[in-house]
Amino acid sequence: MNYYEVKAYNATAIKAGAISMLHMKHALDGDNEATAAMKRGTLQHRAVLEPETLRSLVVMEYDGRTKEGKALVAEHGDNLIKPAAFAELSEVHRQVHQHPEVAGRGLLSGGVAEKEIYWRENGRECKAKLDYIAPEHFIEYKTCNNLAGFARSAAAMRYNLQLGWYWRAAYCFDGKYRQCFIIAQESKAPFDVAVFEVPRMHLEAWYNAAIEIVAKYESGDRSGAFPSLMQFELPAWAQGASPEADPEAMIEF
């Protein structure tokens, strides 16, 4: 079974639905091409969660401008990692796994990475792909430009809806509620790491918000993104507030 070919409600579509039903329909029906940033994030995910899958992709140094280099890329596509890039991804892995909360709590041990979960609820076909699930908790691994601004980017990208959906998926997997932890890591050296615990009351509220989006989609209103006239206002941060998030409030997204 190919996860991406299964037609079912998922976190990506629900986050799109928070923008508009048109976006949600596109997410459910479309084939969205991965960006360079997404491909980079995928490699970091593999480095942290499935490091054994990376070594087989490592090749000798090559020049993509040469005939030989172009042939190599044509044959393997994105599944190529130069030795220097592999060394960097190894450091990504090390920084996460040596973090005292990750190591001390065993957050990335005793579980399964990239776990696909399918369930049917209230007549709806649902699915989720969890970064990591263990008997007592599940993990969402996120990359970001800087940890000080993580709360802002998390809110902008609607990670809360995703976490609520995954919390429900983890429960539907075996009927057991689990703790949720976010492992956030910077995407550039020195690849700093922060670990957050997400309270259950937030997860439940976010799941309910996700279901409201699904219900709206099922109501049949698939009109354009913003059909009514709106008033334009600058966001608070552009009206004199500091553009940097308060590091002390990073988890309050």
# chains A, B, ... in the order shown; residues from 1 in each chain; ligands from 1
call {"tool": "closest_atom_pairs", "arguments": {"of": "segment 145-252 of chain A", "to": "segment 123-127 of chain A", "cutoff": "12 Å", "atoms": "only C-alpha atoms", "output": "Markdown table"}}
result
| residue | atom | partner | partner_atom | distance |
| --- | --- | --- | --- | --- |
| A:Gln162 | CA | A:Lys127 | CA | 11.6 |
| A:Trp165 | CA | A:Lys127 | CA | 9.1 |
| A:Tyr166 | CA | A:Lys127 | CA | 9.0 |
| A:Trp167 | CA | A:Lys127 | CA | 11.8 |
| A:Arg168 | CA | A:Lys127 | CA | 10.1 |
| A:Ala169 | CA | A:Lys127 | CA | 7.3 |
| A:Ala170 | CA | A:Lys127 | CA | 10.5 |
| A:Cys172 | CA | A:Lys127 | CA | 10.1 |
| A:Phe173 | CA | A:Lys127 | CA | 10.4 |
| A:Ala210 | CA | A:Cys126 | CA | 11.9 |
| A:Ile211 | CA | A:Arg124 | CA | 10.6 |
| A:Val214 | CA | A:Arg124 | CA | 9.5 |
| A:Ala215 | CA | A:Arg124 | CA | 10.3 |
| A:Glu218 | CA | A:Arg124 | CA | 10.1 |
call {"tool": "write_last_selection", "arguments": {"atoms": "C-alpha atoms", "output": "PDB file, in the first residue's frame"}}
result
ATOM      1  CA  GLN A 162      -1.060  18.428  12.605  1.00  0.00           C
ATOM      2  CA  TRP A 165      -4.461  14.901  14.147  1.00  0.00           C
ATOM      3  CA  TYR A 166      -1.417  12.767  14.994  1.00  0.00           C
ATOM      4  CA  TRP A 167      -2.509  12.511  18.617  1.00  0.00           C
ATOM      5  CA  ARG A 168      -5.786  11.008  17.441  1.00  0.00           C
ATOM      6  CA  ALA A 169      -3.974   8.726  14.991  1.00  0.00           C
ATOM      7  CA  ALA A 170      -1.748   7.402  17.780  1.00  0.00           C
ATOM      8  CA  CYS A 172      -6.633   4.940  16.976  1.00  0.00           C
ATOM      9  CA  PHE A 173      -3.554   2.796  16.376  1.00  0.00           C
ATOM     10  CA  ALA A 210      -9.097  19.720  12.752  1.00  0.00           C
ATOM     11  CA  ILE A 211     -12.417  17.866  12.752  1.00  0.00           C
ATOM     12  CA  VAL A 214     -13.114  18.359   7.890  1.00  0.00           C
ATOM     13  CA  ALA A 215     -16.801  18.947   8.649  1.00  0.00           C
ATOM     14  CA  GLU A 218     -17.858  17.860   3.874  1.00  0.00           C
TER      15      GLU A 218
END
call {"tool": "residues_around", "arguments": {"residues": "His45 of chain A", "least_positions_apart": "4", "cutoff": "10 Å", "atoms": "only C-alpha atoms", "output": "list in words"}}
result
Lys39, Arg40, Gly41, Leu49, Glu50, Pro51, Leu89, Val92, His93, Ala113, Glu114, Asp131, Tyr141, Lys142 and Thr143 of chain A
call {"tool": "write_last_selection", "arguments": {"atoms": "C-alpha atoms", "output": "PDB file, in the first residue's frame"}}
result
ATOM      1  CA  LYS A  39      13.856  17.658   0.217  1.00  0.00           C
ATOM      2  CA  ARG A  40      16.446  18.966   2.667  1.00  0.00           C
ATOM      3  CA  GLY A  41      14.016  18.429   5.531  1.00  0.00           C
ATOM      4  CA  LEU A  49      14.937   8.784  12.499  1.00  0.00           C
ATOM      5  CA  GLU A  50      16.265   6.291   9.938  1.00  0.00           C
ATOM      6  CA  PRO A  51      20.042   6.848   9.707  1.00  0.00           C
ATOM      7  CA  LEU A  89      23.808  14.781   8.279  1.00  0.00           C
ATOM      8  CA  VAL A  92      22.482  16.408  12.615  1.00  0.00           C
ATOM      9  CA  HIS A  93      21.885  12.907  13.984  1.00  0.00           C
ATOM     10  CA  ALA A 113       9.895   5.531  12.763  1.00  0.00           C
ATOM     11  CA  GLU A 114       7.683   6.737   9.897  1.00  0.00           C
ATOM     12  CA  ASP A 131       7.623  10.495  12.601  1.00  0.00           C
ATOM     13  CA  TYR A 141      10.489  16.076  14.423  1.00  0.00           C
ATOM     14  CA  LYS A 142      10.621  19.573  12.935  1.00  0.00           C
ATOM     15  CA  THR A 143      13.370  21.590  11.304  1.00  0.00           C
TER      16      THR A 143
END
call {"tool": "residues_around", "arguments": {"residues": "Lys216 of chain A", "least_positions_apart": "4", "cutoff": "9 Å", "atoms": "only C-alpha atoms", "output": "list in words"}}
result
Gly17, Met21, Ile211, Glu212, Gly220 and Asp221 of chain A
call {"tool": "write_last_selection", "arguments": {"atoms": "N, CA and C atoms", "output": "tab-separated table (two decimals), in the first residue's frame"}}
result
chain	number	residue	atom	x	y	z
A	17	GLY	N	-6.86	23.25	4.68
A	17	GLY	CA	-8.24	23.66	4.89
A	17	GLY	C	-8.38	24.83	5.84
A	21	MET	N	-11.19	26.07	1.73
A	21	MET	CA	-11.65	24.79	1.22
A	21	MET	C	-11.04	24.50	-0.16
A	211	ILE	N	-11.15	18.49	13.14
A	211	ILE	CA	-12.42	17.87	12.75
A	211	ILE	C	-13.41	18.91	12.26
A	212	GLU	N	-13.39	20.10	12.84
A	212	GLU	CA	-14.26	21.17	12.37
A	212	GLU	C	-13.94	21.54	10.92
A	220	GLY	N	-19.76	20.77	1.65
A	220	GLY	CA	-19.92	21.00	0.23
A	220	GLY	C	-19.53	22.37	-0.25
A	221	ASP	N	-19.14	23.27	0.65
A	221	ASP	CA	-18.74	24.62	0.24
A	221	ASP	C	-17.30	24.59	-0.25
call {"tool": "select_by_dssp", "arguments": {"residues": "segment 68-131 of chain A", "states": "strand (DSSP E or B)", "output": "mmCIF file with N, CA, C and O atoms, in the first residue's frame"}}
result
data_model
loop_
_atom_site.group_PDB
_atom_site.id
_atom_site.type_symbol
_atom_site.label_atom_id
_atom_site.label_comp_id
_atom_site.auth_asym_id
_atom_site.auth_seq_id
_atom_site.Cartn_x
_atom_site.Cartn_y
_atom_site.Cartn_z
ATOM 1 N N ILE A 81 23.909 11.418 -2.069
ATOM 2 C CA ILE A 81 24.482 12.212 -0.987
ATOM 3 C C ILE A 81 25.999 12.194 -1.129
ATOM 4 O O ILE A 81 26.614 11.127 -1.115
ATOM 5 N N VAL A 112 8.956 2.921 16.615
ATOM 6 C CA VAL A 112 9.020 2.733 15.164
ATOM 7 C C VAL A 112 8.984 4.092 14.481
ATOM 8 O O VAL A 112 8.155 4.945 14.829
ATOM 9 N N ALA A 113 9.862 4.286 13.509
ATOM 10 C CA ALA A 113 9.895 5.531 12.763
ATOM 11 C C ALA A 113 8.996 5.451 11.531
ATOM 12 O O ALA A 113 8.759 4.372 10.982
ATOM 13 N N GLU A 114 8.496 6.612 11.116
ATOM 14 C CA GLU A 114 7.683 6.737 9.897
ATOM 15 C C GLU A 114 6.524 5.735 9.891
ATOM 16 O O GLU A 114 6.292 5.020 8.924
ATOM 17 N N LYS A 115 5.786 5.719 10.982
ATOM 18 C CA LYS A 115 4.690 4.768 11.142
ATOM 19 C C LYS A 115 3.429 5.260 10.430
ATOM 20 O O LYS A 115 2.888 6.326 10.751
ATOM 21 N N GLU A 116 2.944 4.483 9.486
ATOM 22 C CA GLU A 116 1.710 4.802 8.774
ATOM 23 C C GLU A 116 0.526 4.235 9.545
ATOM 24 O O GLU A 116 0.519 3.057 9.913
ATOM 25 N N ILE A 117 -0.463 5.073 9.787
ATOM 26 C CA ILE A 117 -1.656 4.654 10.535
ATOM 27 C C ILE A 117 -2.891 5.006 9.717
ATOM 28 O O ILE A 117 -3.029 6.132 9.223
ATOM 29 N N TYR A 118 -3.777 4.038 9.562
ATOM 30 C CA TYR A 118 -5.030 4.242 8.831
ATOM 31 C C TYR A 118 -6.180 3.899 9.767
ATOM 32 O O TYR A 118 -6.116 2.912 10.508
ATOM 33 N N TRP A 119 -7.226 4.704 9.752
ATOM 34 C CA TRP A 119 -8.380 4.394 10.569
ATOM 35 C C TRP A 119 -9.642 4.987 9.949
ATOM 36 O O TRP A 119 -9.574 5.857 9.081
ATOM 37 N N ARG A 120 -10.753 4.478 10.378
ATOM 38 C CA ARG A 120 -12.054 4.956 9.905
ATOM 39 C C ARG A 120 -12.826 5.476 11.097
ATOM 40 O O ARG A 120 -12.955 4.785 12.112
ATOM 41 N N GLU A 121 -13.319 6.691 10.987
ATOM 42 C CA GLU A 121 -13.988 7.330 12.119
ATOM 43 C C GLU A 121 -15.182 8.137 11.621
ATOM 44 O O GLU A 121 -15.040 8.989 10.734
ATOM 45 N N ARG A 124 -15.518 8.347 8.026
ATOM 46 C CA ARG A 124 -14.440 9.012 7.298
ATOM 47 C C ARG A 124 -13.199 8.134 7.236
ATOM 48 O O ARG A 124 -12.797 7.531 8.229
ATOM 49 N N GLU A 125 -12.583 8.101 6.058
ATOM 50 C CA GLU A 125 -11.293 7.435 5.919
ATOM 51 C C GLU A 125 -10.208 8.429 6.335
ATOM 52 O O GLU A 125 -10.143 9.551 5.826
ATOM 53 N N CYS A 126 -9.361 8.011 7.255
ATOM 54 C CA CYS A 126 -8.338 8.899 7.804
ATOM 55 C C CYS A 126 -6.974 8.218 7.754
ATOM 56 O O CYS A 126 -6.877 6.984 7.780
ATOM 57 N N LYS A 127 -5.931 9.027 7.710
ATOM 58 C CA LYS A 127 -4.582 8.473 7.711
ATOM 59 C C LYS A 127 -3.615 9.479 8.317
ATOM 60 O O LYS A 127 -3.886 10.679 8.389
ATOM 61 N N ALA A 128 -2.482 8.970 8.760
ATOM 62 C CA ALA A 128 -1.418 9.812 9.288
ATOM 63 C C ALA A 128 -0.107 9.045 9.189
ATOM 64 O O ALA A 128 -0.096 7.805 9.208
ATOM 65 N N LYS A 129 0.962 9.785 9.074
ATOM 66 C CA LYS A 129 2.287 9.174 9.051
ATOM 67 C C LYS A 129 3.111 9.837 10.143
ATOM 68 O O LYS A 129 3.575 10.966 9.995
ATOM 69 N N LEU A 130 3.255 9.133 11.259
ATOM 70 C CA LEU A 130 3.933 9.678 12.423
ATOM 71 C C LEU A 130 5.449 9.514 12.294
ATOM 72 O O LEU A 130 5.931 8.457 11.885
ATOM 73 N N ASP A 131 6.166 10.564 12.679
ATOM 74 C CA ASP A 131 7.623 10.495 12.601
ATOM 75 C C ASP A 131 8.161 9.360 13.462
ATOM 76 O O ASP A 131 9.045 8.616 13.045
#
call {"tool": "atom_distance", "arguments": {"atom1": "atom CA of Glu101 of chain A", "atom2": "atom CA of Ala184 of chain A"}}
result
12.2 Å
call {"tool": "residues_around", "arguments": {"residues": "Phe196 of chain A", "least_positions_apart": "3", "cutoff": "12 Å", "atoms": "only C-alpha atoms", "output": "VMD selection string"}}
result
chain A and resid 101 to 102 107 138 to 142 147 150 to 151 179 to 185 193 199 249 to 253
call {"tool": "residues_around", "arguments": {"residues": "Gly106 of chain A", "least_positions_apart": "6", "cutoff": "10 Å", "atoms": "only C-alpha atoms", "output": "list in words"}}
result
His97, Pro100 and Ala134 of chain A
call {"tool": "write_last_selection", "arguments": {"atoms": "N, CA, C and O atoms", "output": "tab-separated table (two decimals), in the first residue's frame"}}
result
chain	number	residue	atom	x	y	z
A	97	HIS	N	20.43	13.02	19.07
A	97	HIS	CA	20.49	11.85	19.94
A	97	HIS	C	21.32	12.06	21.20
A	97	HIS	O	21.15	11.31	22.17
A	100	PRO	N	20.15	15.88	26.10
A	100	PRO	CA	19.87	15.20	27.38
A	100	PRO	C	18.43	14.74	27.54
A	100	PRO	O	18.19	13.69	28.15
A	134	ALA	N	6.20	5.31	20.01
A	134	ALA	CA	6.67	4.34	21.00
A	134	ALA	C	5.48	3.98	21.88
A	134	ALA	O	4.41	4.59	21.78
call {"tool": "residues_around", "arguments": {"residues": "Ile19 of chain A", "least_positions_apart": "3", "cutoff": "10 Å", "atoms": "only C-alpha atoms", "output": "number ranges by chain"}}
result
A: 14-16, 22-24, 158, 213, 225-226
call {"tool": "residues_around", "arguments": {"residues": "Ser90 of chain A", "least_positions_apart": "2", "cutoff": "10 Å", "atoms": "only C-alpha atoms", "output": "tab-separated table (two decimals) with N, CA and C atoms, in the first residue's frame"}}
result
chain	number	residue	atom	x	y	z
A	44	GLN	N	17.09	15.38	6.59
A	44	GLN	CA	17.33	15.53	8.02
A	44	GLN	C	16.46	14.56	8.82
A	47	ALA	N	18.13	11.28	8.62
A	47	ALA	CA	19.35	11.26	9.43
A	47	ALA	C	19.04	11.02	10.90
A	48	VAL	N	17.95	11.61	11.38
A	48	VAL	CA	17.58	11.50	12.78
A	48	VAL	C	16.82	10.22	13.08
A	51	PRO	N	18.68	6.60	10.20
A	51	PRO	CA	20.04	6.85	9.71
A	51	PRO	C	20.61	5.73	8.85
A	54	LEU	N	20.56	6.11	4.99
A	54	LEU	CA	21.33	7.15	4.30
A	54	LEU	C	22.61	6.63	3.68
A	84	ALA	N	30.59	14.89	1.92
A	84	ALA	CA	30.54	16.06	2.80
A	84	ALA	C	29.14	16.25	3.37
A	85	ALA	N	28.13	16.03	2.53
A	85	ALA	CA	26.75	16.16	2.99
A	85	ALA	C	26.41	15.07	4.00
A	86	PHE	N	26.95	13.88	3.78
A	86	PHE	CA	26.72	12.78	4.71
A	86	PHE	C	27.34	13.09	6.07
A	87	ALA	N	28.53	13.69	6.06
A	87	ALA	CA	29.17	14.07	7.32
A	87	ALA	C	28.32	15.10	8.07
A	88	GLU	N	27.72	16.02	7.34
A	88	GLU	CA	26.85	17.03	7.95
A	88	GLU	C	25.60	16.39	8.53
A	92	VAL	N	23.90	16.18	12.32
A	92	VAL	CA	22.48	16.41	12.61
A	92	VAL	C	21.98	15.30	13.54
A	93	HIS	N	22.28	14.07	13.18
A	93	HIS	CA	21.89	12.91	13.98
A	93	HIS	C	22.48	12.98	15.39
A	94	ARG	N	23.75	13.30	15.46
A	94	ARG	CA	24.44	13.32	16.76
A	94	ARG	C	23.84	14.36	17.69
A	95	GLN	N	23.57	15.54	17.17
A	95	GLN	CA	23.06	16.61	18.01
A	95	GLN	C	21.70	16.25	18.61
call {"tool": "closest_residue", "arguments": {"among": "A:His202, A:Asn208, A:Ala194, A:Ala238", "to": "Gln98 of chain A", "atoms": "only C-alpha atoms"}}
result
A:Ala194
call {"tool": "atom_distance", "arguments": {"atom1": "atom CA of Arg55 of chain A", "atom2": "atom CA of Leu43 of chain A"}}
result
11.6 Å
call {"tool": "closest_residue", "arguments": {"among": "A:Tyr177, A:Leu163, A:Ala155, A:Ala148", "to": "Glu136 of chain A", "atoms": "only C-alpha atoms"}}
result
A:Tyr177
